[in-house]
Amino acid sequence: MEPFTRRSALATLGAALLTGTAGLQPAVAQTGRMQSWKLSTARRTGIHDLAPAPDGGVWFTAQASGHLGWFDPGSGRTELLALGSGSAPHGVIQGPDKAAWITDGGQNAIVRVGWPERSLHLYPLPRGTPHANLNTCAFDGNGDLWFTGQAGYVGRVAVKTGQVSVKASPRGRGPYGICSTPGGEVWWCSLAGSFIARIDRRSGDSVVVEPPTPEQGARRVWSDSRGRIWVSEWNSGQLSVHDPAAAGAAGRWRQWKLPGERPRPYAIYVDERDMVWVSDFGGNACWSFDARSERFERYAFPRESANVRQILGRPGEVWLPESGTEHISVIRTG
């Protein structure tokens with residue numbers, strides 16, 4: 001665990017006193033507690049995404065070394081499981097079957113790791129599919145897995161049959177973050193295309209929804225309990241939300257600029273309380289956002305260039321993989 005020092009405490013307190021942009025309530029002092037661990041591995045893993053595992057541990061993708069990592073918060077121990085020749089995993093989530101499901105750009109395949117037996121099963125993209133630069137994945141309400149490929153693809157694994165299908169995405173390259181709603185619908189966003197899209201689960205086609213800010217760089221998306229889609233806008237520095245059920249175009253979108261001079265929102269996650277979490281490369285911090293009060297709360301990282309690319313959690317815990325420092329952190333909100 002990272003030592004707590006008076007210097008780091010003062011830095012965190014000072015950062016928490018930053019105020020928001022015009023029209024926002026000021027950022028408030030931290031209410032959660034952050035704890036961090038340095039990964040105990042012999043070589044750099046290139047940690048990218050993570051997901052809570054069903055046994056109380058945390059999975060993470062080791063993109064540089066080609067492994068699925070498993071981290072035990074109780075002991076600080078790290079285990080690495082090789083995924084195959086040429087592996088370069090990006091995203092990982094826990095499936096309805098309690099297994100780890102991984103988008104592996106190096107193998108151009110989806111990888112399932114059964115847990116706790118640690119069995120491997122590859123779902124390669126259809127023969128002839130170009131390198132898709134696989135990104136992230138999400139399960140729909142029928143139990144099928146949908147995934148994005150930043151080279152310009154959206155696809156599905158029909159889990160019951162194992163069939164993998166892929167379609168070219170609207171407007172070419174850019175598909176990045178993806179999420180499912182409480183109703184089982186699937187949404188994704190395009191970083192290069194600066195839009196979000198809903199998947200027609202029958203046809204596999206994507207219906208584009210344009211955000212009001214041009215070229216905002218939609219990087220990741222996440223649904224809250226009401227099915228509203230929260231978006232981290234990399235280029236604009238904004239956090240935005242789209243409500244598909246709202247009446248009229250004006251009522252469907254809202255935006256908030258992250259506090260600070262040059263915010264760079266990357267990862268986004270909505271916890272069990274509908275609190276929105278977003279990582280900020282520009283401010284080297286993680287922000288929580290309460291949509292009811294429109295208040296941001298800043299959690300500064302004590303290490304430079306933490307570069308959190310994914311956020312996931314379990315009740316009372318928000319987990320953060322620091323790709324720039326080879327650390328894993330958690331904010332305990334209980």
# chains A, B, ... in the order shown; residues from 1 in each chain; ligands from 1

$ residues_around --residues "Ser232 of chain A" --least-positions-apart "6" --cutoff "8 Å" --atoms "only C-alpha atoms" --output "list in words"
Ala218, Arg219, Arg220, Val221, Gln238, Leu239, Ser240, Pro265, Tyr266, Ala267, Ile268 and Val278 of chain A

$ residues_around --residues "segment 178-183 of chain A" --least-positions-apart "4" --cutoff "7 Å" --atoms "only C-alpha atoms" --output "compact mmCIF listing (two decimals) with N, CA and C atoms, in the first residue's frame"
# COMPACT_ATOMS: atom_id res chain seq x y z
N THR A 136 -13.36 -2.88 -26.28
CA THR A 136 -14.09 -3.21 -25.06
C THR A 136 -15.34 -4.02 -25.40
N CYS A 137 -16.00 -4.57 -24.36
CA CYS A 137 -17.14 -5.44 -24.59
C CYS A 137 -18.18 -5.28 -23.48
N ALA A 138 -19.41 -5.74 -23.78
CA ALA A 138 -20.52 -5.67 -22.81
C ALA A 138 -21.55 -6.74 -23.17
N PHE A 139 -22.22 -7.28 -22.16
CA PHE A 139 -23.26 -8.27 -22.36
C PHE A 139 -24.63 -7.60 -22.48
N ASP A 140 -25.45 -8.09 -23.42
CA ASP A 140 -26.80 -7.56 -23.55
C ASP A 140 -27.77 -8.34 -22.66
N GLY A 141 -29.06 -8.00 -22.75
CA GLY A 141 -30.06 -8.63 -21.91
C GLY A 141 -30.34 -10.08 -22.24
N TRP A 187 -25.08 0.22 -26.00
CA TRP A 187 -24.65 1.47 -26.60
C TRP A 187 -23.12 1.48 -26.69
N TRP A 188 -22.61 2.15 -27.72
CA TRP A 188 -21.17 2.31 -27.84
C TRP A 188 -20.87 3.72 -28.34
N CYS A 189 -19.60 4.09 -28.32
CA CYS A 189 -19.22 5.43 -28.77
C CYS A 189 -18.02 5.34 -29.69
N ARG A 220 -15.57 6.93 -23.83
CA ARG A 220 -16.20 5.80 -23.13
C ARG A 220 -17.63 6.19 -22.77
N VAL A 221 -18.47 5.17 -22.59
CA VAL A 221 -19.87 5.36 -22.22
C VAL A 221 -20.23 4.43 -21.08
N TRP A 222 -21.23 4.86 -20.29
CA TRP A 222 -21.75 3.99 -19.22
C TRP A 222 -23.19 4.38 -18.94
N SER A 223 -24.00 3.39 -18.60
CA SER A 223 -25.41 3.63 -18.31
C SER A 223 -25.64 3.76 -16.81
N SER A 225 -28.84 3.84 -13.69
CA SER A 225 -29.96 2.95 -13.39
C SER A 225 -31.21 3.29 -14.18
N GLY A 227 -31.10 4.16 -17.43
CA GLY A 227 -30.84 3.95 -18.84
C GLY A 227 -30.29 5.17 -19.55

$ residues_around --residues "Leu312 of chain A" --least-positions-apart "6" --cutoff "7 Å" --atoms "only C-alpha atoms" --output "PDB file with N, CA and C atoms, in the first residue's frame"
ATOM      1  N   LEU A  50      -9.582  -3.086 -15.991  1.00  0.00           N
ATOM      2  CA  LEU A  50      -9.758  -4.038 -14.892  1.00  0.00           C
ATOM      3  C   LEU A  50     -11.233  -4.287 -14.652  1.00  0.00           C
ATOM      4  N   ALA A  51     -11.504  -5.329 -13.872  1.00  0.00           N
ATOM      5  CA  ALA A  51     -12.877  -5.672 -13.482  1.00  0.00           C
ATOM      6  C   ALA A  51     -12.835  -6.471 -12.196  1.00  0.00           C
ATOM      7  N   TYR A 269     -17.663   5.583 -15.394  1.00  0.00           N
ATOM      8  CA  TYR A 269     -18.346   4.494 -14.702  1.00  0.00           C
ATOM      9  C   TYR A 269     -19.430   5.105 -13.821  1.00  0.00           C
ATOM     10  N   VAL A 318     -14.697   1.592  -5.880  1.00  0.00           N
ATOM     11  CA  VAL A 318     -14.453   2.046  -7.243  1.00  0.00           C
ATOM     12  C   VAL A 318     -12.990   1.749  -7.556  1.00  0.00           C
ATOM     13  N   TRP A 319     -12.750   0.861  -8.549  1.00  0.00           N
ATOM     14  CA  TRP A 319     -11.398   0.372  -8.830  1.00  0.00           C
ATOM     15  C   TRP A 319     -10.804   1.086 -10.042  1.00  0.00           C
TER      16      TRP A 319
END

$ atom_distance --atom1 "atom CA of Ala151 of chain A" --atom2 "atom CA of Thr61 of chain A"
19.8 Å

$ closest_residue --among "A:Gly177, A:Gly95, A:Gly172, A:Gly237" --to "Leu134 of chain A" --atoms "only C-alpha atoms"
A:Gly177

$ atom_distance --atom1 "atom CA of Gln150 of chain A" --atom2 "atom CA of Trp277 of chain A"
23.2 Å

$ residues_around --residues "Ser288 of chain A" --least-positions-apart "5" --cutoff "10 Å" --atoms "only C-alpha atoms" --output "list of chain:residue names"
A:Ala27, A:Val28, A:Gln30, A:Gly32, A:Ile268, A:Tyr269, A:Val270, A:Asp271, A:Met275, A:Val276, A:Trp277, A:Val278, A:Ser279, A:Arg295, A:Phe296, A:Glu297, A:Arg298, A:Tyr299

$ residues_around --residues "Val208 of chain A" --least-positions-apart "6" --cutoff "7 Å" --atoms "only C-alpha atoms" --output "VMD selection string"
chain A and resid 195 to 198

$ atom_distance --atom1 "atom CA of Trp234 of chain A" --atom2 "atom CA of Ile47 of chain A"
20.3 Å

$ select_by_dssp --residues "segment 137-326 of chain A" --states "strand (DSSP E or B)" --output "ChimeraX atom specification"
/A:137-139,145-149,153-158,163-168,175-180,186-190,195-199,206-209,218-223,229-233,238-242,253-257,265-270,276-280,285-290,295-300,308,312-314,317-322

$ write_last_selection --atoms "C-alpha atoms" --output "mmCIF file, in the first residue's frame"
data_model
loop_
_atom_site.group_PDB
_atom_site.id
_atom_site.type_symbol
_atom_site.label_atom_id
_atom_site.label_comp_id
_atom_site.auth_asym_id
_atom_site.auth_seq_id
_atom_site.Cartn_x
_atom_site.Cartn_y
_atom_site.Cartn_z
ATOM 1 C CA CYS A 137 -17.143 -5.441 -24.588
ATOM 2 C CA ALA A 138 -20.521 -5.674 -22.815
ATOM 3 C CA PHE A 139 -23.265 -8.270 -22.362
ATOM 4 C CA LEU A 145 -21.474 -10.377 -25.801
ATOM 5 C CA TRP A 146 -21.021 -7.262 -27.968
ATOM 6 C CA PHE A 147 -17.636 -5.711 -28.661
ATOM 7 C CA THR A 148 -15.971 -2.793 -30.426
ATOM 8 C CA GLY A 149 -12.941 -2.664 -32.692
ATOM 9 C CA TYR A 153 -15.943 -2.774 -36.343
ATOM 10 C CA VAL A 154 -18.758 -3.791 -33.992
ATOM 11 C CA GLY A 155 -19.414 -7.468 -33.325
ATOM 12 C CA ARG A 156 -21.178 -10.083 -31.268
ATOM 13 C CA VAL A 157 -20.443 -13.444 -29.682
ATOM 14 C CA ALA A 158 -23.637 -15.514 -29.528
ATOM 15 C CA GLN A 163 -20.776 -17.946 -33.254
ATOM 16 C CA VAL A 164 -18.895 -14.689 -33.771
ATOM 17 C CA SER A 165 -20.183 -12.062 -36.205
ATOM 18 C CA VAL A 166 -18.706 -8.699 -37.162
ATOM 19 C CA LYS A 167 -20.073 -5.643 -38.983
ATOM 20 C CA ALA A 168 -18.379 -2.529 -40.263
ATOM 21 C CA PRO A 175 -15.502 2.445 -32.031
ATOM 22 C CA TYR A 176 -14.248 2.564 -28.455
ATOM 23 C CA GLY A 177 -16.272 2.321 -25.240
ATOM 24 C CA ILE A 178 -19.379 0.142 -24.946
ATOM 25 C CA CYS A 179 -21.965 -0.502 -22.224
ATOM 26 C CA SER A 180 -25.299 -2.144 -21.527
ATOM 27 C CA VAL A 186 -26.233 -1.903 -25.819
ATOM 28 C CA TRP A 187 -24.646 1.471 -26.596
ATOM 29 C CA TRP A 188 -21.170 2.310 -27.841
ATOM 30 C CA CYS A 189 -19.222 5.425 -28.769
ATOM 31 C CA SER A 190 -16.770 6.457 -31.460
ATOM 32 C CA PHE A 195 -20.830 10.127 -31.706
ATOM 33 C CA ILE A 196 -22.635 7.508 -29.654
ATOM 34 C CA ALA A 197 -24.725 4.679 -31.112
ATOM 35 C CA ARG A 198 -27.357 2.154 -30.058
ATOM 36 C CA ILE A 199 -27.124 -1.381 -31.402
ATOM 37 C CA SER A 206 -25.906 0.626 -35.152
ATOM 38 C CA VAL A 207 -28.142 3.693 -34.907
ATOM 39 C CA VAL A 208 -26.019 6.833 -34.565
ATOM 40 C CA VAL A 209 -26.959 9.553 -32.055
ATOM 41 C CA ALA A 218 -16.631 10.447 -27.198
ATOM 42 C CA ARG A 219 -14.257 7.976 -25.557
ATOM 43 C CA ARG A 220 -16.195 5.804 -23.131
ATOM 44 C CA VAL A 221 -19.866 5.361 -22.225
ATOM 45 C CA TRP A 222 -21.748 3.990 -19.224
ATOM 46 C CA SER A 223 -25.413 3.629 -18.307
ATOM 47 C CA ILE A 229 -25.968 7.163 -21.269
ATOM 48 C CA TRP A 230 -23.031 9.014 -19.705
ATOM 49 C CA VAL A 231 -20.163 9.968 -22.008
ATOM 50 C CA SER A 232 -16.564 11.027 -21.379
ATOM 51 C CA GLU A 233 -15.630 13.551 -24.064
ATOM 52 C CA GLN A 238 -16.766 17.527 -20.945
ATOM 53 C CA LEU A 239 -18.871 14.983 -19.116
ATOM 54 C CA SER A 240 -22.181 14.599 -20.949
ATOM 55 C CA VAL A 241 -25.351 12.552 -20.618
ATOM 56 C CA HIS A 242 -27.928 11.424 -23.165
ATOM 57 C CA TRP A 253 -28.514 15.984 -23.723
ATOM 58 C CA ARG A 254 -26.699 17.832 -20.929
ATOM 59 C CA GLN A 255 -23.000 18.670 -20.600
ATOM 60 C CA TRP A 256 -20.641 19.762 -17.835
ATOM 61 C CA LYS A 257 -17.027 20.859 -18.278
ATOM 62 C CA PRO A 265 -11.851 12.824 -19.559
ATOM 63 C CA TYR A 266 -11.107 9.200 -20.397
ATOM 64 C CA ALA A 267 -12.705 6.401 -18.354
ATOM 65 C CA ILE A 268 -16.293 6.632 -17.083
ATOM 66 C CA TYR A 269 -18.346 4.494 -14.702
ATOM 67 C CA VAL A 270 -21.655 4.871 -12.829
ATOM 68 C CA VAL A 276 -20.704 9.158 -11.985
ATOM 69 C CA TRP A 277 -16.931 8.606 -11.949
ATOM 70 C CA VAL A 278 -14.584 9.906 -14.624
ATOM 71 C CA SER A 279 -10.786 9.843 -14.912
ATOM 72 C CA ASP A 280 -8.972 12.999 -16.007
ATOM 73 C CA ALA A 285 -7.187 12.802 -10.979
ATOM 74 C CA CYS A 286 -10.429 10.906 -10.756
ATOM 75 C CA TRP A 287 -13.642 12.901 -10.357
ATOM 76 C CA SER A 288 -16.973 11.833 -8.919
ATOM 77 C CA PHE A 289 -20.027 13.734 -10.123
ATOM 78 C CA ASP A 290 -23.375 13.928 -8.359
ATOM 79 C CA ARG A 295 -21.079 18.818 -7.873
ATOM 80 C CA PHE A 296 -17.685 17.420 -8.805
ATOM 81 C CA GLU A 297 -15.420 15.864 -6.179
ATOM 82 C CA ARG A 298 -11.712 15.432 -6.945
ATOM 83 C CA TYR A 299 -9.504 12.492 -6.001
ATOM 84 C CA ALA A 300 -5.906 13.356 -6.852
ATOM 85 C CA VAL A 308 -6.534 5.598 -15.630
ATOM 86 C CA LEU A 312 -15.208 -0.470 -12.677
ATOM 87 C CA GLY A 313 -16.417 -1.379 -9.225
ATOM 88 C CA ARG A 314 -18.538 -3.303 -6.816
ATOM 89 C CA GLU A 317 -15.653 0.230 -4.122
ATOM 90 C CA VAL A 318 -14.453 2.046 -7.243
ATOM 91 C CA TRP A 319 -11.398 0.372 -8.830
ATOM 92 C CA LEU A 320 -8.802 2.236 -10.897
ATOM 93 C CA PRO A 321 -5.950 0.740 -12.988
ATOM 94 C CA GLU A 322 -3.026 3.164 -13.273
#

$ closest_residue --among "A:Gly46, A:Asn142, A:His131, A:Arg252" --to "Arg201 of chain A" --atoms "only C-alpha atoms"
A:Asn142

$ closest_residue --among "A:Gly283, A:Thr41, A:Leu80, A:Ala62" --to "Arg262 of chain A" --atoms "only C-alpha atoms"
A:Gly283

$ decode --residues "segment 46-69 of chain A" --atoms "N, CA and C atoms" --output "CSV table (one decimal), in the first residue's frame"
chain,number,residue,atom,x,y,z
A,46,GLY,N,1.9,-3.4,-18.4
A,46,GLY,CA,1.1,-2.5,-19.3
A,46,GLY,C,-0.4,-2.6,-18.9
A,47,ILE,N,-0.7,-2.6,-17.6
A,47,ILE,CA,-2.1,-2.7,-17.1
A,47,ILE,C,-3.0,-1.7,-17.9
A,48,HIS,N,-4.1,-2.2,-18.3
A,48,HIS,CA,-5.0,-1.3,-19.1
A,48,HIS,C,-6.4,-1.2,-18.5
A,49,ASP,N,-7.2,-2.2,-18.6
A,49,ASP,CA,-8.5,-2.2,-18.0
A,49,ASP,C,-8.5,-3.2,-16.8
A,50,LEU,N,-9.6,-3.1,-16.0
A,50,LEU,CA,-9.8,-4.0,-14.9
A,50,LEU,C,-11.2,-4.3,-14.7
A,51,ALA,N,-11.5,-5.3,-13.9
A,51,ALA,CA,-12.9,-5.7,-13.5
A,51,ALA,C,-12.8,-6.5,-12.2
A,52,PRO,N,-13.7,-6.2,-11.3
A,52,PRO,CA,-13.8,-7.0,-10.1
A,52,PRO,C,-14.1,-8.5,-10.4
A,53,ALA,N,-13.4,-9.4,-9.8
A,53,ALA,CA,-13.6,-10.8,-10.0
A,53,ALA,C,-14.6,-11.4,-8.9
A,54,PRO,N,-15.2,-12.5,-9.2
A,54,PRO,CA,-16.2,-13.0,-8.2
A,54,PRO,C,-15.7,-13.5,-6.9
A,55,ASP,N,-14.4,-13.7,-6.8
A,55,ASP,CA,-13.8,-14.2,-5.5
A,55,ASP,C,-13.2,-13.1,-4.6
A,56,GLY,N,-13.6,-11.8,-4.9
A,56,GLY,CA,-13.1,-10.7,-4.1
A,56,GLY,C,-11.8,-10.1,-4.7
A,57,GLY,N,-11.2,-10.7,-5.6
A,57,GLY,CA,-10.0,-10.2,-6.3
A,57,GLY,C,-10.4,-9.2,-7.4
A,58,VAL,N,-9.4,-8.8,-8.2
A,58,VAL,CA,-9.6,-7.9,-9.3
A,58,VAL,C,-8.8,-8.4,-10.5
A,59,TRP,N,-9.5,-8.6,-11.6
A,59,TRP,CA,-8.8,-8.9,-12.8
A,59,TRP,C,-8.3,-7.6,-13.5
A,60,PHE,N,-7.2,-7.8,-14.3
A,60,PHE,CA,-6.8,-6.7,-15.1
A,60,PHE,C,-6.1,-7.2,-16.4
A,61,THR,N,-6.2,-6.4,-17.4
A,61,THR,CA,-5.5,-6.8,-18.7
A,61,THR,C,-4.1,-6.3,-18.7
A,62,ALA,N,-3.2,-7.2,-18.9
A,62,ALA,CA,-1.7,-6.8,-19.0
A,62,ALA,C,-1.4,-6.7,-20.5
A,63,GLN,N,-1.6,-5.6,-21.1
A,63,GLN,CA,-1.6,-5.4,-22.5
A,63,GLN,C,-0.1,-5.6,-23.0
A,64,ALA,N,0.8,-5.1,-22.3
A,64,ALA,CA,2.2,-5.2,-22.7
A,64,ALA,C,2.8,-6.6,-22.7
A,65,SER,N,2.3,-7.4,-21.7
A,65,SER,CA,2.9,-8.8,-21.5
A,65,SER,C,2.0,-9.9,-22.0
A,66,GLY,N,0.8,-9.6,-22.4
A,66,GLY,CA,-0.1,-10.6,-23.0
A,66,GLY,C,-0.7,-11.5,-21.9
A,67,HIS,N,-1.1,-11.0,-20.8
A,67,HIS,CA,-1.7,-11.8,-19.7
A,67,HIS,C,-3.0,-11.2,-19.2
A,68,LEU,N,-3.8,-12.1,-18.6
A,68,LEU,CA,-4.8,-11.7,-17.7
A,68,LEU,C,-4.2,-11.7,-16.3
A,69,GLY,N,-4.3,-10.5,-15.6
A,69,GLY,CA,-3.8,-10.5,-14.3
A,69,GLY,C,-4.9,-10.6,-13.3
